[in-house]
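Have a look at the structure below, then the notes.
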4 protein chains.
Amino acid sequence: MAFHGTIRPGLIQLRVLDLDKTLDFYKNILGLDEVGRTSDGRVMLKCYDEFDHHSVVLRKTDKAGLDYVGFKVISAAELEAIKDKVTKFGYKVSEVAPNTEQPGFGKQYKFTLCTGHEFHIYSDVELASDHPQIKNPDIWNKPPRGMRAVRLDHFLLYGPGIEEAERFMKEVFDMYVPEICNTPDGKRLATWITGNNKPHDLAFVEYPKPNTIHHIGFYLQTWEDILHAADLIAVNHLKLDIGPTRHAITRGLTIYFWEPSGNRIETYCGGYTAYPDSPQRVWEASQLGRGLFYFSGEMIPSFLEIVT
Amino acid sequence: MAFHGTIRPGLIQLRVLDLDKTLDFYKNILGLDEVGRTSDGRVMLKCYDEFDHHSVVLRKTDKAGLDYVGFKVISAAELEAIKDKVTKFGYKVSEVAPNTEQPGFGKQYKFTLCTGHEFHIYSDVELASDHPQIKNPDIWNKPPRGMRAVRLDHFLLYGPGIEEAERFMKEVFDMYVPEICNTPDGKRLATWITGNNKPHDLAFVEYPKPNTIHHIGFYLQTWEDILHAADLIAVNHLKLDIGPTRHAITRGLTIYFWEPSGNRIETYCGGYTAYPDSPQRVWEASQLGRGLFYFSGEMIPSFLEIVT
Amino acid sequence: MAFHGTIRPGLIQLRVLDLDKTLDFYKNILGLDEVGRTSDGRVMLKCYDEFDHHSVVLRKTDKAGLDYVGFKVISAAELEAIKDKVTKFGYKVSEVAPNTEQPGFGKQYKFTLCTGHEFHIYSDVELASDHPQIKNPDIWNKPPRGMRAVRLDHFLLYGPGIEEAERFMKEVFDMYVPEICNTPDGKRLATWITGNNKPHDLAFVEYPKPNTIHHIGFYLQTWEDILHAADLIAVNHLKLDIGPTRHAITRGLTIYFWEPSGNRIETYCGGYTAYPDSPQRVWEASQLGRGLFYFSGEMIPSFLEIVT
Amino acid sequence: MAFHGTIRPGLIQLRVLDLDKTLDFYKNILGLDEVGRTSDGRVMLKCYDEFDHHSVVLRKTDKAGLDYVGFKVISAAELEAIKDKVTKFGYKVSEVAPNTEQPGFGKQYKFTLCTGHEFHIYSDVELASDHPQIKNPDIWNKPPRGMRAVRLDHFLLYGPGIEEAERFMKEVFDMYVPEICNTPDGKRLATWITGNNKPHDLAFVEYPKPNTIHHIGFYLQTWEDILHAADLIAVNHLKLDIGPTRHAITRGLTIYFWEPSGNRIETYCGGYTAYPDSPQRVWEASQLGRGLFYFSGEMIPSFLEIVT
């Protein structure tokens with residue numbers, strides 16, 4: 001199949017409280033590498049298996065949560081085409097000041113969804129200096145560290161109007177929707193959306209408060225790595241939320257916890273290989289507990305309610 | 001990213017010698033389900049996690065090897081468009097008699113590559129009666145059996161003119177090429193090609209004899225499943241070729257062996273998540289031993305030379 | 001090191017309610033084999049990797065729970081010696097009617113601990129007809145089924161007077177105590193006891209009601225098998241208690257659930273290799289939550305309170 | 001079961017060529033910690049999960065191989081008793097100069113088996129300063145490093161007269177013999193010997209040259225860790241011997257390679273839980289290929305022939 005339009009969620013900027021302590025988590029427990037700092041003190045990080053300059057940015061402020069997420073587009077031409085589609089869809093687009101706000105990144109556009117989230121799109125990114133090898137490559141440059149996060153994988157966003165947001169992702173980003181959960185009266189309660197073979201690049205849950213984030217998901221390689229992540233949660237006295245467990249939705253294996261600033265992190269592996277010709281999986285709201293927590297089959301209210 | 005054109009390799013017809021014994025392997029050791037038989041005695045099979053009617057067809061004859069491979073296209077309109085691109089590329093296309101030769105499948109076109117391999121393309125396939133669940137789905141209908149093959153994954157084809165074949169896959173099937181291996185004089189020795197996030201949907205090795213196949217790859221979920229496959233090879237006295245080991249190429253974890261008719265089977269898991277914007281990995285022929293057998297770093301000549 | 005006295009917990013008789021439904025669980029979900037039935041209708045079962053005639057007996061009655069547990073002694077001579085030590089310790093010993101109550105087993109003695117539990121000891125057991133292979137052995141006779149329970153592993157008993165019970169296990173069964181948990185005033189709250197390299201063959205928790213059992217533990221091989229057990233819990237709609245998680249105590253990886261009659265089952269793997277010269281691990285009662293549920297670090301009251 | 005006599009193989013002194021390079025392997029690739037150095041320049045190391053002062057000693061000299069192996073005895077009284085049994089068996093015993101040759105160790109006796117190997121016995125060892133935690137213990141002090149070797153596990157010794165050596169281990173060390181391999185004329189070709197629940201603490205192969213060693217085995221936790229060890233072999237360009245594979249003998253999962261001085265190392269996990277009442281497994285010499293290399297079922301001559 002051919003790749004067009006957006007390739008993946010490749011950038012996220014998070015607000016953190018105690019930068020030193022939180023950075024220590026991202027580097028030494030989650031296992032990311034620090035790429036550098038911006039002139040205004042934000043810290044850029046990347047996972048060991050990512051080629052692009054950086055994927056995670058931490059900004060110190062007084063409230064945890066999300067600044068924005070960014071999606072990489074396959075070419076400069078398609079970036080312009082998608083920009084036009086965003087405008088046509090009805091969202092106002094503006095350009096982000098290049099290379100001052102995002103070292104290593106070329107032209108970026110930004111706009112805000114009905115859910116209140118700021119999205120960026122970009123196509124031009126420098127290769128990271130410590131990118132995976134290309135010539136007769138070893139499997140990594142040095143052994144993965146800490147939780148061995150492979151890459152930024154996905155995020156779950158909470159906000160109002162997710163039916164529109166889902167439609168936006170399909171019509172403008174040309175993504176598809178492997179799984180949905182509907183209320184008994186047929187309204188969308190949650191939607192899992194992807195542009196590739198991962199079961200989700202992002203997901204939305206309907207929620208009255210705009211611009212909130214449930215979690216940021218990082219990809220691990222195996223169920224053994226989920227265990228290792230759990231051991232690191234225990235040894236480092238991080239606050240566990242849920243897991244290790246399996247989502248029936250996506251089939252992913254997972255553990256959720258909070259980093260020191262209070263942003264919820266998921267470390268995740270597995271999940272089926274999604275294809276756009278597979279029938280859409282549909283969950284009834286009454287079965288969402290089983291969909292999220294497959295082993296107990298019961299909803300954990302705090303899981304749905306705590307967001308940043 | 002958006003999906004266009006071909007979605008995946010979804011069909012393969014293999015020639016087998018002793019149908020009963022070979023079928024017992026595919027069903028009870030590899031773990032596929034028998035879907036039914038054609039009027040001319042061929043056996044249709046599928047993996048437990050595949051939605052389409054069937055993916056593997058066994059035809060009894062007096063020589064093992066490949067009859068053809070098939071690629072699914074995302075829509076009937078794109079099927080016609082790709083058919084035209086094939087013709088324009090220079091390969092003669094003809095239609096396969098529908099539903100007599102391939103129960104469950106709609107219109108199919110076929111053509112022969114320069115490498116001598118017969119390729120099919122199709123877009124219309126019935127859902128298998130035992131397809132994965134869609135409504136509040138469990139992770140499987142019944143526990144995976146035997147080697148727990150998840151899906152038909154890829155194949156490695158040997159034949160002459162793979163530079164043309166690679167160009168065909170890019171120009172006509174709109175795929176990309178995550179890894180290549182070149183001879184010292186810059187000729188393509190091997191090429192790994194994909195249309196999605198898997199490191200390869202198929203691969204070619206330059207070889208004088210046309211229309212030969214090195215192996216058919218089935219996807220397993222984990223390194224533990226590779227071990228279980230290895231145990232089943234041992235207990236069932238199948239002939240091991242190579243493994244368990246890792247390919248540095250694709251990073252896949254793998255074991256190779258021969259099914260009772262002499263077709264080489266790979267059961268495979270892992271591998272990096274491929275993206276079309278990642279730099280192409282390039283292997284020198286002198287490093288191919290390390291690329292294929294990462295732990296020993298040494299080429300095993302029989303691995304390259306034995307084909308069917 | 002040399003082996004004397006008791007070898008392992010090798011026998012357990014459980015009371016079940018719905019024999020057919022519960023037996024279906026033990027056979028087709030937990031993965032035990034039915035060895036046969038006694039003249040009074042009890043069902044004998046064994047795990048695939050056990051040599052002895054059977055290890056688990058199910059007796060249909062109107063209340064779930066434990067009838068007795070049995071420990072194998074290495075020789076007939078030592079059986080008599082231990083019988084004498086039991087008597088000397090102060091517990092009344094009687095002989096169990098041979099081969100009528102326990103087909104395949106020779107002489108058995110029984111006695112009741114201060115905690116109210118009936119213990120059996122025996123040395124003479126027939127080899128199971130389907131025992132693991134001995135001559136040029138394969139790793140199993142047929143692929144492990146269901147949760148792939150390797151062996152009966154341990155049990156956790158609740159009752160009064162566990163300091164005496166611990167002393168009994170040390171003095172009479174010649175076992176040692178890798179881990180203990182004490183109340184702030186120095187009373188034993190829980191004790192983990194073994195006679196070999198497993199972190200525990202059995203454990204006791206101090207509890208006012210005599211002769212109650214918290215769970216029966218079956219050994220699985222890997223954390224992947226714990227996941228598979230969890231998937232089977234979900235697909236079969238068994239009632240999950242806790243897990244998958246890790247105990248810091250024993251370091252075991254585990255999942256707890258209830259079989260259809262309401263007996264709590266643990267499927268367990270990992271754990272350190274215990275040695276009698278290692279220092280005893282000591283847990284404060286305030287840290288027991290972390291000792292039991294390492295990832296959350298918090299006690300789950302129902303885990304301690306629900307027994308049969 | 002009760003523990004008497006020898007507890008485990010707890011000490012090994014190896015001869016190495018390039019001390020710095022070899023030490024780098026043991027510390028940074030295999031994952032041991034350096035405990036200190038003796039006055040004559042030998043380096044003491046231990047695995048992260050060992051309580052005793054050290055377990056591995058490297059001595060720089062001009063020929064790789066084994067200086068001696070040591071077995072820990074459970075008490076000073078039993079040490080003297082075993083010393084007397086050794087003498088009675090017919091081997092001359094002498095005392096090793098305490099604490100000069102082996103810092104952290106108390107009284108040691110040494111003697112030479114008929115196979116030419118020097119054995120030590122000792123009972124009194126200081127706790128390592130970095131021993132596993134005892135009070136409300138975490139599962140490790142810091143995340144295991146490199147290949148994550150848990151402990152010194154076993155060794156395979158080559159030499160003449162292994163029937164006598166086997167008898168010595170049974171009669172003097174009170175061990176038992178879970179598996180043997182005999183030649184067609186009933187002579188012992190190989191023997192696997194243990195004093196606990198591990199399938200082997202050591203093994204012997206009949207060989208004309210005395211005092212040679214085939215490999216030193218270190219315990220890893222999982223098949224995933226075997227894979228990680230294999231990846232480290234590849235990335236660090238160590239010389240692979242065999243694996244990853246399974247031994248049918250012991251059922252262990254394994255990979256063999258050479259450290260920089262040429263001593264063969266095995267990293268190993270799994271294996272059945274051995275019990276002294278299980279029937280002895282017996283291998284015919286003609287099946288030894290399958291016993292050692294279960295997946296291929298074929299002997300690899302170099303595996304048997306290369307020793308140091």
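Labels for the structure tokens follow display order: chains A, B, ..., residues from 1 in each chain, ligands from 1.
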Using only C-alpha atoms, I'd like a table of the residues in chain A that come within 7 Å of chain B; for each, show the closest atom pair and its distance in Å rounded to one decimal, ordered by chain and ascending number, as CSV.
residue,atom,partner,partner_atom,distance
A:Met1,CA,B:Thr6,CA,4.3
A:Ala2,CA,B:Asp174,CA,5.0
A:Phe3,CA,B:Ala2,CA,5.7
A:His4,CA,B:Ala2,CA,5.1
A:Gly5,CA,B:Met1,CA,5.1
A:Thr6,CA,B:Met1,CA,4.3
A:Ile7,CA,B:Met1,CA,4.5
A:Arg8,CA,B:Met1,CA,6.9
A:Phe51,CA,B:Ser278,CA,6.7
A:Ile74,CA,B:Asp277,CA,6.8
A:Ile134,CA,B:Arg281,CA,4.4
A:Lys135,CA,B:Val282,CA,5.0
A:Asn136,CA,B:Trp283,CA,4.8
A:Asp138,CA,B:Ala248,CA,6.6
A:Ile139,CA,B:Ala248,CA,6.4
A:Phe173,CA,B:Met1,CA,6.9
A:Asp174,CA,B:Ala2,CA,5.0
A:Met175,CA,B:Ala2,CA,5.8
A:Gly195,CA,B:Met1,CA,4.3
A:Asn196,CA,B:Met1,CA,6.0
A:Asn197,CA,B:Asn197,CA,6.1
A:Ala248,CA,B:Ile139,CA,6.4
A:Arg251,CA,B:Ile139,CA,6.6
A:Asp277,CA,B:Ile74,CA,6.8
A:Ser278,CA,B:Phe51,CA,6.7
A:Pro279,CA,B:Ile134,CA,6.9
A:Gln280,CA,B:Ile134,CA,6.7
A:Arg281,CA,B:Ile134,CA,4.4
A:Val282,CA,B:Lys135,CA,5.0
A:Trp283,CA,B:Asn136,CA,4.8
A:Glu284,CA,B:Asn136,CA,6.8
A:Gln287,CA,B:Asn136,CA,6.7
Would you write out, as CSV, a table of all residues in segment 17-91 of chain C that have an atom no more than 12 Å from an atom of segment 102-119 of chain C, listing for each the closest atom pair and the distance in Å to one decimal, considering only C-alpha atoms and ordering rows by chain and rising residue number?
residue,atom,partner,partner_atom,distance
C:Val35,CA,C:Pro103,CA,10.0
C:Gly36,CA,C:Pro103,CA,9.0
C:Arg37,CA,C:Pro103,CA,8.8
C:Thr38,CA,C:Pro103,CA,7.2
C:Ser39,CA,C:Pro103,CA,9.6
C:Asp40,CA,C:Gln102,CA,10.9
C:Gly41,CA,C:Gln102,CA,11.9
C:Arg42,CA,C:Gln102,CA,9.8
C:Val43,CA,C:Gln102,CA,10.6
C:Met44,CA,C:Pro103,CA,8.8
C:Leu45,CA,C:Pro103,CA,11.6
C:Phe51,CA,C:Gly104,CA,11.8
C:Asp52,CA,C:Gly104,CA,8.4
C:His53,CA,C:Gly104,CA,5.7
C:His54,CA,C:Gly104,CA,7.9
C:Ser55,CA,C:Gln102,CA,10.4
C:Val56,CA,C:Gln102,CA,10.8
C:Val57,CA,C:Gln102,CA,9.1
C:Leu58,CA,C:Gln102,CA,11.9
C:Gly65,CA,C:His117,CA,11.0
C:Leu66,CA,C:His117,CA,8.2
C:Asp67,CA,C:Glu118,CA,7.0
C:Tyr68,CA,C:Glu118,CA,4.8
C:Val69,CA,C:Phe119,CA,5.2
C:Gly70,CA,C:Phe119,CA,5.6
C:Phe71,CA,C:Phe119,CA,7.6
C:Lys72,CA,C:Gln108,CA,9.5
C:Val73,CA,C:Gln108,CA,10.2
C:Ser75,CA,C:Lys107,CA,11.2
C:Ala76,CA,C:Lys107,CA,8.7
C:Ala77,CA,C:Lys107,CA,11.7
C:Leu79,CA,C:Tyr109,CA,8.7
C:Glu80,CA,C:Tyr109,CA,9.2
C:Ala81,CA,C:Tyr109,CA,11.7
C:Ile82,CA,C:Tyr109,CA,9.9
C:Lys83,CA,C:Tyr109,CA,7.3
C:Asp84,CA,C:Tyr109,CA,10.7
C:Lys85,CA,C:Phe111,CA,11.8
C:Val86,CA,C:Phe111,CA,8.2
C:Thr87,CA,C:Phe111,CA,9.0
C:Phe89,CA,C:Leu113,CA,10.4
C:Gly90,CA,C:Leu113,CA,9.6
C:Tyr91,CA,C:Phe111,CA,6.4
Original post:
Which residues come within 10 Å of Asp231 of chain B, counting only C-alpha atoms, excluding same-chain residues fewer than 3 positions away, as a list in words?
Top reply: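 Those residues are Met147, Asp225, Ile226, Leu227, His228, Ala234, Val235, Asn236 and His237 of chain B; Asp138, Ile139, Trp140 and Pro143 of chain C; Thr245, Arg246, Ala248, Tyr294 and Phe295 of chain D.
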What would the file look like if the residues just selected were written as a short mmCIF file (atom, residue, chain, number, x, y, z; two decimals), in the first residue's frame with all heavy atoms?
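Wrote it out as again26.cif, contents follow:
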data_model
loop_
_atom_site.label_atom_id
_atom_site.label_comp_id
_atom_site.auth_asym_id
_atom_site.auth_seq_id
_atom_site.Cartn_x
_atom_site.Cartn_y
_atom_site.Cartn_z
N MET B 147 1.98 -23.86 16.19
CA MET B 147 2.95 -22.75 16.18
C MET B 147 2.27 -21.39 16.30
O MET B 147 2.94 -20.37 16.36
CB MET B 147 3.80 -22.80 14.92
CG MET B 147 4.74 -23.99 14.89
SD MET B 147 5.78 -23.99 13.40
CE MET B 147 6.77 -25.49 13.68
N ASP B 225 7.08 -17.55 21.26
CA ASP B 225 6.40 -18.36 20.25
C ASP B 225 7.40 -18.96 19.26
O ASP B 225 7.16 -20.04 18.72
CB ASP B 225 5.33 -17.53 19.52
CG ASP B 225 4.07 -17.37 20.36
OD1 ASP B 225 3.91 -18.08 21.37
OD2 ASP B 225 3.22 -16.52 20.00
N ILE B 226 8.48 -18.24 19.01
CA ILE B 226 9.54 -18.82 18.18
C ILE B 226 10.10 -20.06 18.88
O ILE B 226 10.35 -21.10 18.26
CB ILE B 226 10.67 -17.79 17.92
CG1 ILE B 226 10.15 -16.54 17.20
CG2 ILE B 226 11.83 -18.43 17.16
CD1 ILE B 226 9.81 -16.73 15.76
N LEU B 227 10.30 -19.95 20.18
CA LEU B 227 10.77 -21.10 20.96
C LEU B 227 9.78 -22.25 20.88
O LEU B 227 10.17 -23.42 20.70
CB LEU B 227 10.97 -20.68 22.42
CG LEU B 227 11.31 -21.80 23.41
CD1 LEU B 227 12.62 -22.48 23.07
CD2 LEU B 227 11.34 -21.25 24.83
N HIS B 228 8.52 -21.93 21.01
CA HIS B 228 7.50 -22.99 20.94
C HIS B 228 7.51 -23.63 19.55
O HIS B 228 7.38 -24.85 19.42
CB HIS B 228 6.12 -22.38 21.26
CG HIS B 228 5.03 -23.39 21.31
ND1 HIS B 228 5.04 -24.47 22.16
CD2 HIS B 228 3.87 -23.49 20.61
CE1 HIS B 228 3.94 -25.18 21.98
NE2 HIS B 228 3.22 -24.61 21.05
N ALA B 234 11.23 -29.87 16.86
CA ALA B 234 11.98 -30.98 17.47
C ALA B 234 11.07 -32.18 17.73
O ALA B 234 11.38 -33.31 17.34
CB ALA B 234 12.63 -30.52 18.77
N VAL B 235 9.96 -31.93 18.39
CA VAL B 235 9.09 -33.04 18.80
C VAL B 235 8.52 -33.74 17.58
O VAL B 235 8.34 -34.97 17.58
CB VAL B 235 7.97 -32.51 19.72
CG1 VAL B 235 6.92 -33.57 19.96
CG2 VAL B 235 8.56 -32.03 21.03
N ASN B 236 8.24 -32.97 16.53
CA ASN B 236 7.66 -33.54 15.32
C ASN B 236 8.70 -33.97 14.29
O ASN B 236 8.34 -34.35 13.17
CB ASN B 236 6.68 -32.55 14.70
CG ASN B 236 5.44 -32.37 15.55
OD1 ASN B 236 4.60 -33.25 15.62
ND2 ASN B 236 5.34 -31.23 16.24
N HIS B 237 9.97 -33.88 14.66
CA HIS B 237 11.06 -34.33 13.80
C HIS B 237 10.99 -33.68 12.41
O HIS B 237 11.25 -34.32 11.40
CB HIS B 237 11.07 -35.85 13.68
CG HIS B 237 11.40 -36.52 14.98
ND1 HIS B 237 12.69 -36.85 15.36
CD2 HIS B 237 10.61 -36.88 16.03
CE1 HIS B 237 12.67 -37.40 16.56
NE2 HIS B 237 11.42 -37.42 16.99
N ASP C 138 11.80 -36.44 25.10
CA ASP C 138 11.29 -35.17 24.59
C ASP C 138 10.89 -34.30 25.79
O ASP C 138 10.77 -34.79 26.91
CB ASP C 138 10.07 -35.41 23.68
CG ASP C 138 10.48 -35.62 22.23
OD1 ASP C 138 11.22 -34.78 21.70
OD2 ASP C 138 10.05 -36.63 21.64
N ILE C 139 10.67 -33.03 25.53
CA ILE C 139 10.39 -32.12 26.65
C ILE C 139 8.97 -32.28 27.18
O ILE C 139 8.66 -31.86 28.27
CB ILE C 139 10.67 -30.65 26.28
CG1 ILE C 139 9.82 -30.21 25.09
CG2 ILE C 139 12.14 -30.44 25.99
CD1 ILE C 139 9.80 -28.70 24.92
N TRP C 140 8.08 -32.83 26.38
CA TRP C 140 6.75 -33.22 26.87
C TRP C 140 6.18 -34.27 25.93
O TRP C 140 6.66 -34.44 24.80
CB TRP C 140 5.77 -32.06 27.02
CG TRP C 140 6.00 -30.82 26.21
CD1 TRP C 140 6.44 -29.62 26.69
CD2 TRP C 140 5.79 -30.62 24.80
NE1 TRP C 140 6.53 -28.70 25.68
CE2 TRP C 140 6.13 -29.28 24.51
CE3 TRP C 140 5.36 -31.43 23.77
CZ2 TRP C 140 6.05 -28.74 23.22
CZ3 TRP C 140 5.29 -30.91 22.47
CH2 TRP C 140 5.62 -29.58 22.22
N PRO C 143 1.88 -31.19 23.55
CA PRO C 143 2.01 -29.78 23.94
C PRO C 143 1.12 -29.43 25.14
O PRO C 143 -0.05 -29.81 25.16
CB PRO C 143 1.54 -29.03 22.69
CG PRO C 143 1.77 -29.97 21.55
CD PRO C 143 1.52 -31.34 22.12
N THR D 245 19.50 -21.97 21.60
CA THR D 245 18.87 -23.25 21.35
C THR D 245 18.40 -23.84 22.67
O THR D 245 18.50 -23.19 23.72
CB THR D 245 19.81 -24.22 20.61
OG1 THR D 245 19.06 -25.37 20.18
CG2 THR D 245 20.97 -24.66 21.47
N ARG D 246 17.84 -25.04 22.59
CA ARG D 246 17.44 -25.75 23.79
C ARG D 246 18.24 -27.05 23.88
O ARG D 246 18.43 -27.73 22.88
CB ARG D 246 15.95 -26.10 23.74
CG ARG D 246 15.46 -26.79 25.01
CD ARG D 246 14.11 -27.46 24.85
NE ARG D 246 12.98 -26.56 24.82
CZ ARG D 246 12.40 -26.01 25.90
NH1 ARG D 246 12.88 -26.26 27.11
NH2 ARG D 246 11.35 -25.22 25.76
N ALA D 248 17.72 -30.70 25.12
CA ALA D 248 16.71 -31.61 25.65
C ALA D 248 17.19 -32.09 27.02
O ALA D 248 16.40 -32.23 27.95
CB ALA D 248 16.48 -32.77 24.70
N TYR D 294 18.49 -29.70 20.54
CA TYR D 294 17.17 -30.31 20.39
C TYR D 294 16.51 -29.94 19.07
O TYR D 294 15.80 -30.74 18.48
CB TYR D 294 16.32 -29.87 21.57
CG TYR D 294 15.00 -30.57 21.75
CD1 TYR D 294 14.90 -31.97 21.67
CD2 TYR D 294 13.86 -29.85 22.05
CE1 TYR D 294 13.69 -32.60 21.87
CE2 TYR D 294 12.64 -30.49 22.26
CZ TYR D 294 12.57 -31.85 22.17
OH TYR D 294 11.37 -32.48 22.38
N PHE D 295 16.75 -28.74 18.61
CA PHE D 295 16.00 -28.26 17.44
C PHE D 295 16.53 -28.87 16.14
O PHE D 295 15.76 -29.24 15.27
CB PHE D 295 16.00 -26.74 17.38
CG PHE D 295 15.45 -26.09 18.62
CD1 PHE D 295 15.96 -24.89 19.10
CD2 PHE D 295 14.42 -26.69 19.34
CE1 PHE D 295 15.45 -24.29 20.23
CE2 PHE D 295 13.91 -26.11 20.49
CZ PHE D 295 14.43 -24.90 20.94
#
**OP:** Return as a ChimeraX atom specification the full set of residues in segment 14-255 of chain C whose backbone-based DSSP assignment is strand (DSSP E or B).
**Re:** /C:14-16,33-37,43-46,52,56-60,65-73,94-96,105,108-112,118-122,125,127,135,151-159,176-182,188-194,202-206,212-219,239-246,252-255
For the selection you just gave me, I'd like the residues written to a file as a compact mmCIF listing (two decimals), in the first residue's frame, keeping C-alpha atoms.
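Once written, result.txt looks like this:
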# COMPACT_ATOMS: atom_id res chain seq x y z
CA LEU C 14 -10.11 -29.92 47.27
CA ARG C 15 -13.81 -29.68 47.87
CA VAL C 16 -15.78 -28.51 44.86
CA ASP C 33 -5.01 -34.45 32.90
CA GLU C 34 -7.65 -36.63 34.48
CA VAL C 35 -5.98 -39.75 35.84
CA GLY C 36 -9.13 -41.55 36.97
CA ARG C 37 -11.87 -41.63 39.58
CA VAL C 43 -11.54 -37.22 40.48
CA MET C 44 -7.77 -37.58 40.37
CA LEU C 45 -5.72 -35.20 38.22
CA LYS C 46 -2.09 -34.45 37.48
CA ASP C 52 3.62 -39.28 40.45
CA VAL C 56 -4.89 -33.06 42.76
CA VAL C 57 -8.10 -34.70 43.94
CA LEU C 58 -11.52 -33.07 43.60
CA ARG C 59 -14.31 -34.11 45.94
CA LYS C 60 -17.85 -32.96 45.28
CA GLY C 65 -12.20 -25.52 50.45
CA LEU C 66 -9.45 -27.85 51.48
CA ASP C 67 -9.73 -31.45 52.65
CA TYR C 68 -5.99 -32.03 53.11
CA VAL C 69 -2.55 -31.51 51.67
CA GLY C 70 0.11 -34.19 51.39
CA PHE C 71 3.91 -34.10 51.44
CA LYS C 72 6.06 -36.74 49.81
CA VAL C 73 8.90 -38.18 51.90
CA SER C 94 -3.02 -42.08 62.24
CA GLU C 95 -2.68 -44.17 59.14
CA VAL C 96 -4.81 -43.48 56.07
CA PHE C 105 -0.34 -44.26 46.76
CA GLN C 108 -0.01 -42.60 54.21
CA TYR C 109 -0.07 -41.02 57.65
CA LYS C 110 -2.23 -38.09 58.58
CA PHE C 111 -2.35 -35.56 61.39
CA THR C 112 -3.78 -32.13 62.09
CA GLU C 118 -4.97 -31.93 57.83
CA PHE C 119 -1.56 -32.94 56.54
CA HIS C 120 -0.65 -36.26 54.95
CA ILE C 121 2.78 -37.77 54.49
CA TYR C 122 3.70 -40.64 52.19
CA VAL C 125 3.67 -43.58 44.86
CA LEU C 127 4.59 -43.59 38.42
CA LYS C 135 14.69 -42.52 27.69
CA ARG C 151 3.06 -28.82 38.57
CA LEU C 152 1.27 -28.33 41.84
CA ASP C 153 3.55 -25.79 43.45
CA HIS C 154 2.47 -24.51 46.86
CA PHE C 155 -0.47 -23.41 49.02
CA LEU C 156 -1.18 -20.60 51.42
CA LEU C 157 -2.97 -21.70 54.57
CA TYR C 158 -4.80 -19.47 57.04
CA GLY C 159 -5.26 -20.43 60.66
CA TYR C 176 13.58 -23.49 56.30
CA VAL C 177 11.92 -20.09 56.18
CA PRO C 178 13.15 -17.72 53.44
CA GLU C 179 10.74 -14.90 54.30
CA ILE C 180 8.62 -13.75 57.22
CA CYS C 181 6.32 -10.84 57.98
CA ASN C 182 5.99 -9.60 61.55
CA ARG C 188 4.47 -13.58 63.14
CA LEU C 189 1.83 -12.38 60.69
CA ALA C 190 2.91 -14.56 57.77
CA THR C 191 5.63 -17.06 57.00
CA TRP C 192 6.94 -18.57 53.74
CA ILE C 193 8.44 -22.02 54.16
CA THR C 194 10.35 -24.35 51.84
CA LEU C 202 3.72 -23.49 51.54
CA ALA C 203 2.96 -20.38 53.54
CA PHE C 204 0.86 -19.54 56.57
CA VAL C 205 -1.01 -16.39 57.52
CA GLU C 206 -2.19 -15.91 61.11
CA THR C 212 -8.96 -22.26 55.87
CA ILE C 213 -7.06 -21.93 52.63
CA HIS C 214 -6.21 -18.80 50.71
CA HIS C 215 -5.05 -20.33 47.44
CA ILE C 216 -3.49 -23.27 45.68
CA GLY C 217 -0.51 -22.36 43.54
CA PHE C 218 0.32 -24.00 40.22
CA TYR C 219 3.63 -23.40 38.52
CA LYS C 239 -13.47 -14.18 38.10
CA LEU C 240 -10.11 -12.42 38.38
CA ASP C 241 -8.79 -11.60 41.83
CA ILE C 242 -5.38 -9.95 41.35
CA GLY C 243 -2.77 -9.64 38.65
CA PRO C 244 -0.84 -10.09 36.52
CA THR C 245 1.59 -8.66 39.02
CA ARG C 246 4.76 -9.42 40.95
CA GLY C 252 7.13 -14.48 41.91
CA LEU C 253 5.07 -13.35 38.91
CA THR C 254 1.47 -14.18 39.41
CA ILE C 255 -2.21 -13.99 38.68
Subject >> Residues of segment 4-201 of chain A in helix (DSSP H, G or I), written as a PyMOL selection string >> reply: chain A and resi 19-29+76-89+162-171
